[in-house]
file entry_37.tsv (TSV, C-alpha atoms)
chain	number	residue	atom	x	y	z
A	24	MET	CA	-18.98	13.01	-0.81
A	25	THR	CA	-15.29	13.42	0.01
A	26	GLU	CA	-12.93	13.98	-2.89
A	27	VAL	CA	-9.87	11.78	-2.68
A	28	ARG	CA	-6.82	12.85	-4.64
A	29	PRO	CA	-3.54	11.13	-5.55
A	30	PRO	CA	-0.67	11.71	-3.12
A	31	THR	CA	1.52	14.74	-3.78
A	32	LEU	CA	4.81	15.93	-2.38
A	33	GLY	CA	3.28	19.15	-1.04
A	34	GLU	CA	0.48	17.37	0.81
A	35	PHE	CA	2.91	14.86	2.30
A	36	VAL	CA	5.37	17.49	3.55
A	37	ARG	CA	2.54	19.60	4.98
A	38	THR	CA	1.08	16.59	6.81
A	39	LEU	CA	4.46	15.66	8.28
A	40	ARG	CA	5.22	19.25	9.27
A	41	THR	CA	1.93	19.81	11.09
A	42	ARG	CA	1.68	16.46	12.90
A	43	PRO	CA	2.08	16.64	16.70
A	44	THR	CA	5.37	15.38	18.16
A	45	ALA	CA	6.83	15.27	21.66
A	46	ALA	CA	9.07	18.23	20.83
A	47	HIS	CA	6.34	20.15	18.99
A	48	PRO	CA	2.85	19.19	20.24
A	49	GLY	CA	1.27	21.63	17.78
A	50	GLY	CA	3.50	20.62	14.89
A	51	LEU	CA	5.96	22.94	13.17
A	52	THR	CA	5.06	26.21	11.50
A	53	ARG	CA	6.47	26.95	8.08
A	54	GLN	CA	8.73	29.52	9.66
A	55	GLN	CA	10.10	27.03	12.19
A	56	LEU	CA	10.78	24.44	9.50
A	57	ALA	CA	12.41	27.04	7.25
A	58	GLN	CA	14.70	28.20	10.06
A	59	THR	CA	15.71	24.63	10.85
A	60	LEU	CA	16.51	23.96	7.17
A	61	HIS	CA	18.25	27.34	6.80
A	62	THR	CA	15.97	28.30	3.95
A	63	SER	CA	13.11	30.72	3.41
A	64	MET	CA	9.50	30.34	4.49
A	65	GLY	CA	8.58	31.07	0.87
A	66	TYR	CA	10.52	28.02	-0.29
A	67	ILE	CA	8.66	25.77	2.16
A	68	ALA	CA	5.40	27.28	0.93
A	69	SER	CA	6.41	26.59	-2.68
A	70	ILE	CA	7.01	22.91	-1.87
A	71	GLU	CA	3.70	22.56	-0.03
A	72	SER	CA	1.74	24.35	-2.75
A	73	GLY	CA	3.26	22.20	-5.50
A	74	ARG	CA	5.17	25.00	-7.21
A	75	SER	CA	8.48	23.34	-6.30
A	76	ARG	CA	7.81	19.73	-7.25
A	77	SER	CA	11.32	18.27	-7.17
A	78	PRO	CA	13.53	19.60	-4.37
A	79	SER	CA	17.17	18.57	-4.34
A	80	VAL	CA	18.37	15.42	-2.61
A	81	SER	CA	20.09	17.55	0.06
A	82	VAL	CA	16.80	19.29	0.91
A	83	LEU	CA	15.00	15.96	1.11
A	84	GLU	CA	17.69	14.55	3.40
A	85	GLN	CA	17.29	17.56	5.70
A	86	LEU	CA	13.51	17.06	5.75
A	87	ILE	CA	14.02	13.40	6.66
A	88	GLU	CA	16.24	14.33	9.60
A	89	VAL	CA	14.18	17.24	10.89
A	90	LEU	CA	10.83	15.47	10.53
A	91	ASP	CA	12.22	12.15	11.82
A	92	LEU	CA	10.82	10.00	9.03
A	93	THR	CA	10.55	6.23	9.00
A	94	VAL	CA	12.20	4.19	6.25
A	95	ASP	CA	8.89	3.88	4.38
A	96	GLN	CA	8.16	7.60	4.73
A	97	ARG	CA	11.65	8.40	3.41
A	98	HIS	CA	11.09	6.14	0.41
A	99	HIS	CA	7.72	7.75	-0.30
A	100	LEU	CA	9.17	11.27	0.03
A	101	PHE	CA	11.85	10.53	-2.58
A	102	ASP	CA	9.27	8.90	-4.88
A	103	LEU	CA	6.96	11.92	-4.70
A	104	ALA	CA	9.89	14.28	-5.33
A	105	ARG	CA	10.84	12.20	-8.41
A	106	GLN	CA	14.35	11.64	-7.07
A	107	THR	CA	14.19	7.86	-7.52
A	108	PRO	CA	13.89	7.44	-11.31
A	109	THR	CA	13.53	3.79	-12.27
A	110	GLU	CA	12.31	1.93	-15.31
A	111	ARG	CA	9.22	0.91	-13.38
A	112	GLU	CA	8.23	4.50	-12.65
A	113	ALA	CA	8.66	5.53	-16.27
A	114	VAL	CA	6.46	2.72	-17.63
A	115	ARG	CA	2.73	3.34	-17.78
A	116	PRO	CA	0.76	0.42	-16.28
A	117	HIS	CA	-1.07	-1.76	-18.78
A	118	CYS	CA	-4.67	-2.93	-18.89
A	119	LEU	CA	-5.65	-5.93	-16.80
A	120	ASP	CA	-6.11	-8.27	-19.78
A	121	ASP	CA	-2.52	-7.59	-20.81
A	122	TYR	CA	-1.32	-8.58	-17.33
A	123	ARG	CA	-3.36	-11.79	-17.47
A	124	ALA	CA	-1.83	-12.68	-20.82
A	125	ARG	CA	1.57	-12.76	-19.06
A	126	ILE	CA	0.49	-15.55	-16.69
A	127	GLY	CA	1.19	-18.78	-18.53
A	128	PRO	CA	0.45	-22.48	-17.93
A	129	ALA	CA	3.58	-22.93	-15.80
A	130	GLN	CA	2.53	-20.22	-13.33
A	131	ARG	CA	-1.01	-21.59	-13.15
A	132	LEU	CA	0.29	-25.11	-12.54
A	133	ALA	CA	2.53	-23.85	-9.74
A	134	MET	CA	-0.33	-21.92	-8.13
A	135	ASP	CA	-2.64	-24.93	-8.20
A	136	ASN	CA	-0.01	-27.22	-6.71
A	137	LEU	CA	0.75	-24.88	-3.84
A	138	ALA	CA	-2.60	-25.74	-2.21
A	139	PRO	CA	-3.58	-25.59	0.63
A	140	HIS	CA	-1.63	-22.33	0.55
A	141	LEU	CA	-3.01	-19.12	-0.95
A	142	VAL	CA	-1.44	-17.69	-4.11
A	143	ALA	CA	-2.39	-14.74	-6.29
A	144	TYR	CA	-0.88	-12.44	-8.89
A	145	LEU	CA	-1.93	-8.80	-8.56
A	146	ASP	CA	-1.04	-5.63	-10.38
A	147	GLU	CA	0.09	-2.60	-8.39
A	148	ARG	CA	-3.43	-1.23	-8.24
A	149	TRP	CA	-4.38	-4.33	-6.21
A	150	ASN	CA	-6.36	-5.78	-9.13
A	151	ILE	CA	-6.57	-9.58	-9.14
A	152	VAL	CA	-4.70	-10.89	-12.18
A	153	GLU	CA	-4.88	-14.62	-11.35
A	154	CYS	CA	-5.31	-16.67	-8.17
A	155	ASN	CA	-5.57	-20.28	-7.11
A	156	ALA	CA	-8.72	-21.90	-5.73
A	157	GLU	CA	-7.46	-21.67	-2.14
A	158	TYR	CA	-7.09	-17.89	-2.38
A	159	ASP	CA	-10.54	-17.60	-3.93
A	160	ARG	CA	-12.05	-19.79	-1.20
A	161	ALA	CA	-10.32	-17.90	1.63
A	162	PHE	CA	-11.53	-14.48	0.42
A	163	PRO	CA	-15.05	-15.09	-0.95
A	164	GLY	CA	-16.22	-12.44	-3.38
A	165	LEU	CA	-12.75	-10.96	-3.89
A	166	LYS	CA	-12.16	-12.52	-7.31
A	167	GLN	CA	-15.58	-11.29	-8.42
A	168	ALA	CA	-14.91	-7.79	-7.02
A	169	GLY	CA	-11.69	-7.82	-9.00
A	170	ASN	CA	-9.79	-5.50	-6.66
A	171	VAL	CA	-8.58	-5.88	-3.08
A	172	LEU	CA	-9.49	-2.33	-2.04
A	173	THR	CA	-12.93	-2.55	-3.62
A	174	TRP	CA	-13.53	-5.80	-1.75
A	175	PHE	CA	-12.37	-4.33	1.56
A	176	PHE	CA	-14.75	-1.39	1.43
A	177	ALA	CA	-17.66	-2.51	-0.76
A	178	SER	CA	-18.11	-6.07	0.50
A	179	GLU	CA	-19.51	-6.90	3.93
A	180	CYS	CA	-17.90	-10.29	3.50
A	181	SER	CA	-14.46	-8.72	3.97
A	182	ARG	CA	-15.40	-7.68	7.51
A	183	GLN	CA	-16.51	-11.23	8.28
A	184	VAL	CA	-13.37	-12.82	6.85
A	185	MET	CA	-10.68	-10.41	8.06
A	186	VAL	CA	-10.43	-10.87	11.82
A	187	ASP	CA	-8.33	-7.69	12.08
A	188	TRP	CA	-10.26	-5.80	9.42
A	189	GLU	CA	-9.33	-2.27	10.57
A	190	LEU	CA	-5.61	-3.07	10.70
A	191	GLU	CA	-5.56	-4.89	7.35
A	192	ALA	CA	-7.67	-2.29	5.55
A	193	ARG	CA	-5.53	0.60	6.80
A	194	LEU	CA	-2.35	-1.28	5.85
A	195	THR	CA	-3.63	-1.91	2.30
A	196	VAL	CA	-4.64	1.73	1.82
A	197	GLY	CA	-1.19	2.90	2.99
A	198	TRP	CA	0.49	0.42	0.67
A	199	PHE	CA	-1.65	1.61	-2.24
A	200	ARG	CA	-0.69	5.22	-1.49
A	201	ALA	CA	2.98	4.22	-1.49
A	202	LEU	CA	2.64	2.43	-4.83
A	203	MET	CA	0.87	5.41	-6.38
A	204	GLY	CA	3.81	7.60	-5.43
A	205	ARG	CA	6.14	5.52	-7.59
A	206	TYR	CA	4.59	6.57	-10.89
A	207	TYR	CA	5.27	9.76	-12.79
A	208	ASP	CA	1.68	9.66	-14.01
A	209	ASP	CA	-0.12	10.20	-10.70
A	210	GLU	CA	-3.45	9.38	-12.33
A	211	TRP	CA	-2.40	5.80	-13.13
A	212	ALA	CA	-4.93	4.57	-10.58
A	213	GLY	CA	-7.25	7.57	-10.75
A	214	ASP	CA	-10.37	5.63	-11.71
A	215	LEU	CA	-9.94	3.27	-8.76
A	216	LEU	CA	-9.31	6.17	-6.38
A	217	ALA	CA	-12.45	7.95	-7.60
A	218	SER	CA	-14.54	4.79	-7.20
A	219	LEU	CA	-13.57	4.57	-3.52
A	220	GLU	CA	-14.70	8.10	-2.62
A	221	ASP	CA	-18.15	6.85	-1.61
A	222	TYR	CA	-16.78	4.73	1.25
A	223	PRO	CA	-16.29	6.73	4.48
A	224	ASP	CA	-13.81	4.24	5.93
A	225	PHE	CA	-11.60	4.48	2.86
A	226	CYS	CA	-11.71	8.28	3.02
A	227	ARG	CA	-10.86	8.14	6.73
A	228	PHE	CA	-7.78	5.98	6.12
A	229	TRP	CA	-6.73	8.02	3.06
A	230	ASP	CA	-6.97	11.27	5.02
A	231	GLN	CA	-4.59	9.83	7.61
A	232	THR	CA	-1.90	9.81	4.84
A	233	GLY	CA	-0.27	6.69	6.25
A	234	VAL	CA	2.25	5.08	3.93
A	235	GLY	CA	4.03	1.73	3.99
A	236	PHE	CA	5.79	-0.72	1.71
A	237	GLY	CA	4.99	-4.13	3.15
A	238	ARG	CA	3.53	-5.62	6.29
A	239	PRO	CA	4.66	-4.84	9.86
A	240	THR	CA	3.87	-8.46	10.76
A	241	PRO	CA	3.68	-11.43	8.36
A	242	PHE	CA	0.76	-13.05	10.15
A	243	MET	CA	-2.82	-12.53	9.01
A	244	ARG	CA	-5.88	-13.93	10.79
A	245	ILE	CA	-8.77	-14.98	8.56
A	246	ARG	CA	-12.16	-16.44	9.43
A	247	ASP	CA	-13.84	-19.13	7.34
A	248	ALA	CA	-17.05	-17.54	6.02
A	249	GLY	CA	-18.91	-20.85	6.31
A	250	THR	CA	-17.69	-22.37	9.59
A	251	GLY	CA	-16.43	-19.30	11.46
A	252	THR	CA	-13.12	-21.06	12.18
A	253	VAL	CA	-10.16	-18.70	12.51
A	254	SER	CA	-6.89	-19.70	10.84
A	255	ILE	CA	-3.44	-18.15	10.61
A	256	VAL	CA	-1.73	-17.31	7.32
A	257	HIS	CA	1.91	-16.22	6.97
A	258	VAL	CA	1.84	-13.62	4.18
A	259	ASP	CA	4.62	-12.51	1.87
A	260	VAL	CA	4.15	-10.21	-1.14
A	261	TYR	CA	6.90	-10.38	-3.73
A	262	SER	CA	7.62	-8.04	-6.64
A	263	HIS	CA	7.46	-9.83	-9.99
A	264	ARG	CA	8.24	-8.55	-13.48
A	265	VAL	CA	7.43	-10.00	-16.88
A	266	ASP	CA	8.89	-7.76	-19.59
A	267	ASP	CA	7.78	-4.28	-18.43
A	268	TYR	CA	4.77	-5.58	-16.50
A	269	ALA	CA	5.20	-4.94	-12.76
A	270	MET	CA	3.16	-7.32	-10.63
A	271	GLN	CA	2.94	-8.53	-7.07
A	272	VAL	CA	2.83	-12.16	-6.02
A	273	TYR	CA	0.84	-12.88	-2.86
A	274	LEU	CA	1.85	-16.06	-1.03
A	275	GLY	CA	-0.13	-16.98	2.07
A	276	VAL	CA	1.21	-20.05	3.87
A	277	ARG	CA	-1.28	-21.65	6.25
A	278	ILE	CA	0.18	-22.05	9.74
A	279	PRO	CA	-1.24	-24.49	12.33
A	280	THR	CA	-2.80	-22.47	15.14
A	281	GLU	CA	-0.83	-24.31	17.81
A	282	SER	CA	2.47	-23.47	16.06
A	283	TYR	CA	1.48	-19.81	15.88
A	284	GLU	CA	0.57	-19.78	19.58
A	285	GLN	CA	3.90	-21.38	20.51
A	286	LEU	CA	5.77	-18.81	18.44
A	287	SER	CA	3.80	-15.98	20.08
A	288	GLU	CA	4.76	-17.27	23.53
A	289	GLN	CA	8.45	-17.39	22.55
A	290	THR	CA	8.51	-13.94	20.90
A	291	PRO	CA	9.33	-11.01	23.22
A	292	GLN	CA	6.56	-8.40	23.34

call {"tool": "encode", "arguments": {"input": "entry_37.tsv", "output": "structure tokens"}}
result
Amino acid sequence: MTEVRPPTLGEFVRTLRTRPTAAHPGGLTRQQLAQTLHTSMGYIASIESGRSRSPSVSVLEQLIEVLDLTVDQRHHLFDLARQTPTEREAVRPHCLDDYRARIGPAQRLAMDNLAPHLVAYLDERWNIVECNAEYDRAFPGLKQAGNVLTWFFASECSRQVMVDWELEARLTVGWFRALMGRYYDDEWAGDLLASLEDYPDFCRFWDQTGVGFGRPTPFMRIRDAGTGTVSIVHVDVYSHRVDDYAMQVYLGVRIPTESYEQLSEQTPQ
């Protein structure tokens, strides 16, 4: 069984340093990175080993430039280095029942009246807080599983429903990694992480250390588990706060297939 651990600054920097690039097919050695940053190889080693857990902003900015990081990777780097202190990061996530108590009659009424579109409230561990009937129907077994990641990797139904299962599963794992990096308590989702160790596909995606805040494309293709019909959903995930409870709101707007095809023809590849 593979042991999966929460993301750390040292692991992230080491992964970025050693990844192949056009300029450095074998990645960078610690010495090469140290020379580029005008620092010592020992300092790079201290970051990667976890001894130096919060480098200065100037060091992080140099790492971003030298390692050519994306916007999401930059955000994750600063989160892991604890250089983005926010109220959200300082607050310990609550238990699921406490989140559910924050969803009142008005939110439930709105969710129900947004049919045929898909709506759900989730915490930042991808636990289902509340959802409407359309969401439950579109992703059979997900509400019972209680967690999006658990459903992806423990339920065969997810592979039937998600037309682009590999892409969507990898995206969700990378998003989860990014969210974990925002909390000072890096064990805030430790139980969930440990429960996913038994799934080789999860371990494969986790080992790739991909990270992302959001979707590269808003369109998701889902297959009806009963009829096999494929439909298109335009997905947005919004941040939502009630008091100090940080949640995500999933809104999936059903798009007629013909409209999606017309848009695809008009969009440059």

call {"tool": "axis_aligned_box", "arguments": {"input": "entry_37.tsv", "around": "region 123-137 of chain A", "padding_each_side": "3 Å", "output": "JSON"}}
result
{"center_x": 0.1, "center_y": -19.5, "center_z": -12.3, "size_x": 12.9, "size_y": 21.4, "size_z": 23.0}

call {"tool": "atom_distance", "arguments": {"input": "entry_37.tsv", "atom1": "CA of Leu141 (chain A)", "atom2": "CA of Tyr261 (chain A)"}}
result
13.5 Å

call {"tool": "atom_distance", "arguments": {"input": "entry_37.tsv", "atom1": "CA of Glu153 (chain A)", "atom2": "CA of Val272 (chain A)"}}
result
9.7 Å

call {"tool": "residues_near_point", "arguments": {"input": "entry_37.tsv", "point": "(-0.3, -2.5, 3.5)", "cutoff": "10 Å", "atoms": "all atoms listed in the file", "output": "PyMOL selection string"}}
result
chain A and resi 190-201+233-239

call {"tool": "write_last_selection", "arguments": {"input": "entry_37.tsv", "atoms": "C-alpha atoms", "output": "mmCIF file, keeping the file's coordinate frame"}}
result
data_model
loop_
_atom_site.group_PDB
_atom_site.id
_atom_site.type_symbol
_atom_site.label_atom_id
_atom_site.label_comp_id
_atom_site.auth_asym_id
_atom_site.auth_seq_id
_atom_site.Cartn_x
_atom_site.Cartn_y
_atom_site.Cartn_z
ATOM 1 C CA LEU A 190 -5.610 -3.070 10.700
ATOM 2 C CA GLU A 191 -5.560 -4.890 7.350
ATOM 3 C CA ALA A 192 -7.670 -2.290 5.550
ATOM 4 C CA ARG A 193 -5.530 0.600 6.800
ATOM 5 C CA LEU A 194 -2.350 -1.280 5.850
ATOM 6 C CA THR A 195 -3.630 -1.910 2.300
ATOM 7 C CA VAL A 196 -4.640 1.730 1.820
ATOM 8 C CA GLY A 197 -1.190 2.900 2.990
ATOM 9 C CA TRP A 198 0.490 0.420 0.670
ATOM 10 C CA PHE A 199 -1.650 1.610 -2.240
ATOM 11 C CA ARG A 200 -0.690 5.220 -1.490
ATOM 12 C CA ALA A 201 2.980 4.220 -1.490
ATOM 13 C CA GLY A 233 -0.270 6.690 6.250
ATOM 14 C CA VAL A 234 2.250 5.080 3.930
ATOM 15 C CA GLY A 235 4.030 1.730 3.990
ATOM 16 C CA PHE A 236 5.790 -0.720 1.710
ATOM 17 C CA GLY A 237 4.990 -4.130 3.150
ATOM 18 C CA ARG A 238 3.530 -5.620 6.290
ATOM 19 C CA PRO A 239 4.660 -4.840 9.860
#

call {"tool": "residues_around", "arguments": {"input": "entry_37.tsv", "residues": "region 216-222 of chain A", "least_positions_apart": "6", "cutoff": "10 Å", "atoms": "all atoms listed in the file", "output": "list in words"}}
result
Met24, Thr25, Glu26, Val27, Arg28, Pro29, Arg148, Leu172, Thr173, Phe176, Ala177, Phe199, Arg200, Glu210 and Trp229 of chain A

call {"tool": "write_last_selection", "arguments": {"input": "entry_37.tsv", "atoms": "C-alpha atoms", "output": "short mmCIF file (atom, residue, chain, number, x, y, z; two decimals), in the frame of the given file"}}
result
data_model
loop_
_atom_site.label_atom_id
_atom_site.label_comp_id
_atom_site.auth_asym_id
_atom_site.auth_seq_id
_atom_site.Cartn_x
_atom_site.Cartn_y
_atom_site.Cartn_z
CA MET A 24 -18.98 13.01 -0.81
CA THR A 25 -15.29 13.42 0.01
CA GLU A 26 -12.93 13.98 -2.89
CA VAL A 27 -9.87 11.78 -2.68
CA ARG A 28 -6.82 12.85 -4.64
CA PRO A 29 -3.54 11.13 -5.55
CA ARG A 148 -3.43 -1.23 -8.24
CA LEU A 172 -9.49 -2.33 -2.04
CA THR A 173 -12.93 -2.55 -3.62
CA PHE A 176 -14.75 -1.39 1.43
CA ALA A 177 -17.66 -2.51 -0.76
CA PHE A 199 -1.65 1.61 -2.24
CA ARG A 200 -0.69 5.22 -1.49
CA GLU A 210 -3.45 9.38 -12.33
CA TRP A 229 -6.73 8.02 3.06
#

call {"tool": "closest_residue", "arguments": {"input": "entry_37.tsv", "among": "A:Leu39, A:Leu137, A:Val186, A:Ala168", "to": "Thr93 (chain A)", "atoms": "all atoms listed in the file"}}
result
A:Leu39

call {"tool": "closest_residue", "arguments": {"input": "entry_37.tsv", "among": "A:Leu90, A:Arg205, A:Met243, A:Lys166", "to": "Trp188 (chain A)", "atoms": "all atoms listed in the file"}}
result
A:Met243

call {"tool": "closest_residue", "arguments": {"input": "entry_37.tsv", "among": "A:Glu88, A:Glu34, A:Asp135, A:Glu284", "to": "Ser72 (chain A)", "atoms": "only C-alpha atoms"}}
result
A:Glu34

call {"tool": "closest_residue", "arguments": {"input": "entry_37.tsv", "among": "A:Gly50, A:Pro128, A:Pro241, A:Gly65", "to": "Tyr273 (chain A)", "atoms": "all atoms listed in the file"}}
result
A:Pro241

call {"tool": "closest_residue", "arguments": {"input": "entry_37.tsv", "among": "A:Gln85, A:Gln285, A:Ser69, A:Gln130", "to": "Val265 (chain A)", "atoms": "all atoms listed in the file"}}
result
A:Gln130

call {"tool": "atom_distance", "arguments": {"input": "entry_37.tsv", "atom1": "CA of Pro163 (chain A)", "atom2": "CA of His140 (chain A)"}}
result
15.3 Å

call {"tool": "residues_around", "arguments": {"input": "entry_37.tsv", "residues": "Tyr144 (chain A)", "least_positions_apart": "5", "cutoff": "10 Å", "atoms": "all atoms listed in the file", "output": "list in words"}}
result
Tyr122, Arg123, Ile126, Gln130, Met134, Trp149, Asn150, Ile151, Val152, Glu153, Cys154, Asn155, Val260, Tyr261, Ser262, His263, Met270, Gln271, Val272, Tyr273 and Leu274 of chain A

call {"tool": "write_last_selection", "arguments": {"input": "entry_37.tsv", "atoms": "C-alpha atoms", "output": "short mmCIF file (atom, residue, chain, number, x, y, z; two decimals), in the coordinates of the input"}}
result
data_model
loop_
_atom_site.label_atom_id
_atom_site.label_comp_id
_atom_site.auth_asym_id
_atom_site.auth_seq_id
_atom_site.Cartn_x
_atom_site.Cartn_y
_atom_site.Cartn_z
CA TYR A 122 -1.32 -8.58 -17.33
CA ARG A 123 -3.36 -11.79 -17.47
CA ILE A 126 0.49 -15.55 -16.69
CA GLN A 130 2.53 -20.22 -13.33
CA MET A 134 -0.33 -21.92 -8.13
CA TRP A 149 -4.38 -4.33 -6.21
CA ASN A 150 -6.36 -5.78 -9.13
CA ILE A 151 -6.57 -9.58 -9.14
CA VAL A 152 -4.70 -10.89 -12.18
CA GLU A 153 -4.88 -14.62 -11.35
CA CYS A 154 -5.31 -16.67 -8.17
CA ASN A 155 -5.57 -20.28 -7.11
CA VAL A 260 4.15 -10.21 -1.14
CA TYR A 261 6.90 -10.38 -3.73
CA SER A 262 7.62 -8.04 -6.64
CA HIS A 263 7.46 -9.83 -9.99
CA MET A 270 3.16 -7.32 -10.63
CA GLN A 271 2.94 -8.53 -7.07
CA VAL A 272 2.83 -12.16 -6.02
CA TYR A 273 0.84 -12.88 -2.86
CA LEU A 274 1.85 -16.06 -1.03
#

call {"tool": "decode", "arguments": {"input": "entry_37.tsv", "residues": "region 122-190 of chain A", "atoms": "C-alpha atoms", "output": "PDB file, in the first residue's frame"}}
result
ATOM      1  CA  TYR A 122     -21.623  22.850   7.838  1.00  0.00           C
ATOM      2  CA  ARG A 123     -25.065  21.381   7.164  1.00  0.00           C
ATOM      3  CA  ALA A 124     -26.562  23.452   9.959  1.00  0.00           C
ATOM      4  CA  ARG A 125     -25.494  26.566   8.001  1.00  0.00           C
ATOM      5  CA  ILE A 126     -27.650  25.641   4.988  1.00  0.00           C
ATOM      6  CA  GLY A 127     -31.078  27.079   5.712  1.00  0.00           C
ATOM      7  CA  PRO A 128     -34.525  26.863   4.083  1.00  0.00           C
ATOM      8  CA  ALA A 129     -33.754  29.720   1.686  1.00  0.00           C
ATOM      9  CA  GLN A 130     -30.706  27.939   0.226  1.00  0.00           C
ATOM     10  CA  ARG A 131     -32.621  24.670  -0.078  1.00  0.00           C
ATOM     11  CA  LEU A 132     -35.509  26.424  -1.824  1.00  0.00           C
ATOM     12  CA  ALA A 133     -33.108  28.050  -4.275  1.00  0.00           C
ATOM     13  CA  MET A 134     -31.378  24.733  -4.999  1.00  0.00           C
ATOM     14  CA  ASP A 135     -34.668  22.959  -5.660  1.00  0.00           C
ATOM     15  CA  ASN A 136     -35.906  25.704  -7.970  1.00  0.00           C
ATOM     16  CA  LEU A 137     -32.748  25.707 -10.054  1.00  0.00           C
ATOM     17  CA  ALA A 138     -33.734  22.348 -11.603  1.00  0.00           C
ATOM     18  CA  PRO A 139     -32.973  20.997 -14.176  1.00  0.00           C
ATOM     19  CA  HIS A 140     -29.567  22.398 -13.276  1.00  0.00           C
ATOM     20  CA  LEU A 141     -27.225  20.740 -10.774  1.00  0.00           C
ATOM     21  CA  VAL A 142     -26.478  22.460  -7.463  1.00  0.00           C
ATOM     22  CA  ALA A 143     -24.507  21.340  -4.428  1.00  0.00           C
ATOM     23  CA  TYR A 144     -22.789  22.799  -1.383  1.00  0.00           C
ATOM     24  CA  LEU A 145     -19.467  21.146  -0.519  1.00  0.00           C
ATOM     25  CA  ASP A 146     -16.832  21.753   2.092  1.00  0.00           C
ATOM     26  CA  GLU A 147     -13.208  22.125   1.028  1.00  0.00           C
ATOM     27  CA  ARG A 148     -12.539  18.439   1.570  1.00  0.00           C
ATOM     28  CA  TRP A 149     -15.069  17.737  -1.214  1.00  0.00           C
ATOM     29  CA  ASN A 150     -17.633  16.404   1.275  1.00  0.00           C
ATOM     30  CA  ILE A 151     -21.248  16.804   0.160  1.00  0.00           C
ATOM     31  CA  VAL A 152     -22.980  19.236   2.508  1.00  0.00           C
ATOM     32  CA  GLU A 153     -26.285  19.549   0.608  1.00  0.00           C
ATOM     33  CA  CYS A 154     -27.396  19.030  -2.998  1.00  0.00           C
ATOM     34  CA  ASN A 155     -30.548  19.213  -5.068  1.00  0.00           C
ATOM     35  CA  ALA A 156     -32.278  16.214  -6.625  1.00  0.00           C
ATOM     36  CA  GLU A 157     -30.808  16.938 -10.067  1.00  0.00           C
ATOM     37  CA  TYR A 158     -27.255  16.733  -8.734  1.00  0.00           C
ATOM     38  CA  ASP A 159     -28.075  13.509  -6.897  1.00  0.00           C
ATOM     39  CA  ARG A 160     -29.642  12.030 -10.035  1.00  0.00           C
ATOM     40  CA  ALA A 161     -26.741  13.056 -12.296  1.00  0.00           C
ATOM     41  CA  PHE A 162     -24.095  11.485 -10.016  1.00  0.00           C
ATOM     42  CA  PRO A 163     -25.722   8.312  -8.631  1.00  0.00           C
ATOM     43  CA  GLY A 164     -24.139   7.061  -5.432  1.00  0.00           C
ATOM     44  CA  LEU A 165     -22.236  10.295  -4.769  1.00  0.00           C
ATOM     45  CA  LYS A 166     -24.555  11.564  -2.035  1.00  0.00           C
ATOM     46  CA  GLN A 167     -24.358   8.159  -0.343  1.00  0.00           C
ATOM     47  CA  ALA A 168     -20.548   8.081  -0.670  1.00  0.00           C
ATOM     48  CA  GLY A 169     -20.524  11.495   0.950  1.00  0.00           C
ATOM     49  CA  ASN A 170     -17.324  12.685  -0.723  1.00  0.00           C
ATOM     50  CA  VAL A 171     -16.439  13.469  -4.333  1.00  0.00           C
ATOM     51  CA  LEU A 172     -12.978  11.877  -4.181  1.00  0.00           C
ATOM     52  CA  THR A 173     -14.282   8.745  -2.477  1.00  0.00           C
ATOM     53  CA  TRP A 174     -16.930   8.434  -5.192  1.00  0.00           C
ATOM     54  CA  PHE A 175     -14.388   8.905  -7.987  1.00  0.00           C
ATOM     55  CA  PHE A 176     -12.111   6.125  -6.794  1.00  0.00           C
ATOM     56  CA  ALA A 177     -14.334   3.745  -4.822  1.00  0.00           C
ATOM     57  CA  SER A 178     -17.413   3.703  -7.051  1.00  0.00           C
ATOM     58  CA  GLU A 179     -17.489   2.018 -10.459  1.00  0.00           C
ATOM     59  CA  CYS A 180     -20.497   4.181 -11.195  1.00  0.00           C
ATOM     60  CA  SER A 181     -18.235   7.240 -11.430  1.00  0.00           C
ATOM     61  CA  ARG A 182     -16.438   5.693 -14.409  1.00  0.00           C
ATOM     62  CA  GLN A 183     -19.765   5.076 -16.127  1.00  0.00           C
ATOM     63  CA  VAL A 184     -21.075   8.582 -15.487  1.00  0.00           C
ATOM     64  CA  MET A 185     -17.953  10.676 -16.119  1.00  0.00           C
ATOM     65  CA  VAL A 186     -17.271  10.510 -19.853  1.00  0.00           C
ATOM     66  CA  ASP A 187     -13.811  12.025 -19.311  1.00  0.00           C
ATOM     67  CA  TRP A 188     -13.149  10.182 -16.063  1.00  0.00           C
ATOM     68  CA  GLU A 189      -9.334  10.384 -16.162  1.00  0.00           C
ATOM     69  CA  LEU A 190      -9.336  14.134 -16.816  1.00  0.00           C
TER      70      LEU A 190
END
